[in-house]
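*Asks:* What follows is data_14.cif, made up of mmCIF, C-alpha atoms:
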```cif
data_model
loop_
_atom_site.group_PDB
_atom_site.id
_atom_site.type_symbol
_atom_site.label_atom_id
_atom_site.label_comp_id
_atom_site.auth_asym_id
_atom_site.auth_seq_id
_atom_site.Cartn_x
_atom_site.Cartn_y
_atom_site.Cartn_z
ATOM 1 C CA MET A 566 -216.432 29.639 108.047
ATOM 2 C CA ASN A 567 -216.454 32.823 110.102
ATOM 3 C CA THR A 568 -217.312 34.922 107.064
ATOM 4 C CA LEU A 569 -220.302 32.682 106.315
ATOM 5 C CA LEU A 570 -221.504 33.016 109.910
ATOM 6 C CA ALA A 571 -221.028 36.783 109.820
ATOM 7 C CA ALA A 572 -223.007 36.992 106.581
ATOM 8 C CA ALA A 573 -225.843 34.936 108.091
ATOM 9 C CA GLU A 574 -225.943 37.123 111.191
ATOM 10 C CA ALA A 575 -226.053 40.261 109.063
ATOM 11 C CA ALA A 576 -228.861 38.915 106.883
ATOM 12 C CA ALA A 577 -231.143 37.723 109.703
ATOM 13 C CA PRO A 578 -232.719 39.989 112.302
ATOM 14 C CA ALA A 579 -231.193 39.663 115.752
ATOM 15 C CA GLY A 580 -234.218 38.136 117.478
ATOM 16 C CA VAL A 581 -235.106 35.491 114.913
ATOM 17 C CA THR A 582 -232.974 32.701 116.361
ATOM 18 C CA GLY A 583 -234.291 33.307 119.877
ATOM 19 C CA ASN A 584 -237.863 33.321 118.636
ATOM 20 C CA ILE A 585 -237.403 30.012 116.844
ATOM 21 C CA ALA A 586 -235.848 28.416 119.938
ATOM 22 C CA SER A 587 -238.672 29.726 122.118
ATOM 23 C CA ALA A 588 -241.257 28.434 119.676
ATOM 24 C CA PHE A 589 -239.778 24.934 119.652
ATOM 25 C CA GLY A 590 -239.533 24.901 123.443
ATOM 26 C CA LEU A 591 -243.150 25.969 123.844
ATOM 27 C CA LEU A 592 -244.282 23.545 121.145
ATOM 28 C CA GLY A 593 -242.601 20.715 123.028
ATOM 29 C CA ALA A 594 -244.321 21.763 126.256
ATOM 30 C CA ALA A 595 -247.701 21.922 124.534
ATOM 31 C CA ILE A 596 -247.249 18.475 123.012
ATOM 32 C CA GLY A 597 -246.146 17.112 126.402
ATOM 33 C CA VAL A 598 -249.191 18.535 128.189
ATOM 34 C CA GLY A 599 -251.471 17.142 125.505
ATOM 35 C CA LEU A 600 -249.969 13.671 125.781
ATOM 36 C CA ILE A 601 -250.206 13.730 129.568
ATOM 37 C CA GLY A 602 -253.875 14.724 129.389
ATOM 38 C CA GLN A 603 -254.595 12.043 126.802
ATOM 39 C CA LYS A 604 -252.965 9.294 128.828
ATOM 40 C CA ALA A 605 -254.591 10.470 132.071
ATOM 41 C CA ALA A 606 -258.046 10.341 130.482
ATOM 42 C CA GLU A 607 -257.229 6.910 129.088
ATOM 43 C CA ALA A 608 -256.093 5.680 132.515
ATOM 44 C CA VAL A 609 -259.255 6.967 134.220
ATOM 45 C CA GLY A 610 -261.334 5.316 131.515
ATOM 46 C CA ARG A 611 -259.714 1.985 132.273
ATOM 47 C CA ASN A 612 -259.856 2.312 136.055
ATOM 48 C CA PRO A 613 -262.285 4.971 137.322
ATOM 49 C CA ALA A 614 -261.524 4.142 140.962
ATOM 50 C CA ALA A 615 -257.977 5.467 140.559
ATOM 51 C CA SER A 616 -259.051 8.866 139.212
ATOM 52 C CA GLY A 617 -257.760 10.784 142.243
ATOM 53 C CA LYS A 618 -254.273 9.313 142.023
ATOM 54 C CA VAL A 619 -254.157 9.727 138.251
ATOM 55 C CA LEU A 620 -255.267 13.355 138.525
ATOM 56 C CA VAL A 621 -252.515 14.195 141.001
ATOM 57 C CA GLN A 622 -249.827 12.598 138.850
ATOM 58 C CA ALA A 623 -251.178 14.285 135.703
ATOM 59 C CA ILE A 624 -251.172 17.718 137.328
ATOM 60 C CA ILE A 625 -247.587 17.258 138.516
ATOM 61 C CA GLY A 626 -246.481 16.110 135.059
ATOM 62 C CA MET A 627 -248.251 19.002 133.344
ATOM 63 C CA ALA A 628 -246.704 21.497 135.744
ATOM 64 C CA LEU A 629 -243.224 20.168 135.007
ATOM 65 C CA ALA A 630 -243.831 20.311 131.249
ATOM 66 C CA GLU A 631 -245.172 23.865 131.464
ATOM 67 C CA GLY A 632 -242.206 24.866 133.624
ATOM 68 C CA LEU A 633 -239.816 23.701 130.936
ATOM 69 C CA GLY A 634 -241.823 25.639 128.362
ATOM 70 C CA ILE A 635 -241.553 28.808 130.435
ATOM 71 C CA LEU A 636 -237.812 28.272 130.804
ATOM 72 C CA ALA A 637 -237.508 27.873 127.036
ATOM 73 C CA LEU A 638 -239.452 31.092 126.545
ATOM 74 C CA PHE A 639 -237.296 33.197 128.856
ATOM 75 C CA LEU A 640 -233.880 31.588 128.450
ATOM 76 C CA ALA A 641 -233.744 31.366 124.652
ATOM 77 C CA LYS A 642 -231.149 33.705 123.285
#
```
Take the structure I supplied and represent it as structure tokens, if you would.

*Replies:*
Amino acid sequence: MNTLLAAAEAAAPAGVTGNIASAFGLLGAAIGVGLIGQKAAEAVGRNPAASGKVLVQAIIGMALAEGLGILALFLAK
């Protein structure tokens, strides 16, 4: 098993695995932000009087999703 792993590490460039992990982390953050925006617009469409409260919650949710995306970008090995 170790020889197979060593062969895979020798064949692939060193940064490829980190780039793939970063890409998936950022993709997840982008999908999360998109879903939050979609549902916030849907909620405001159903109840326009609650737009201020919905906006605050949407901004907080988007910030948390983007924060996780940034962590994935910088912490991926």

*Asks:* At what distance in Å, to one decimal, does atom CA of A:Ala586 lie from atom CA of A:Ala641?

*Replies:*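 Separating atom CA of A:Ala641 from atom CA of A:Ala586 is a distance of 5.9 Å.
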
*Asks:* Might you spell out which residues the PyMOL selection byres ((chain A and resi 627) around 12) would select in the displayed file, as a PyMOL selection string?

*Replies:* chain A and resi 593-605+620-626+628-634

*Asks:* Do you have the atom CA of A:Leu591-atom CA of A:Leu636 distance handy?

*Replies:*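 Between atom CA of A:Leu591 and atom CA of A:Leu636 the gap works out to 9.1 Å.
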
*Asks:* So, counting all atoms listed in the file, which residue among A:Ala608, A:Lys618, A:Gly590, A:Pro613 is closest to A:Ile635?

*Replies:*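 Once distances to A:Ile635 are computed over all atoms listed in the file, the minimum belongs to A:Gly590.
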
*Asks:* Between atom CA of A:Leu592 and atom CA of A:Ala606, measure the distance and give it in Å to one decimal.

*Replies:*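 Taking atom CA of A:Leu592 and atom CA of A:Ala606, their separation equals 21.2 Å.
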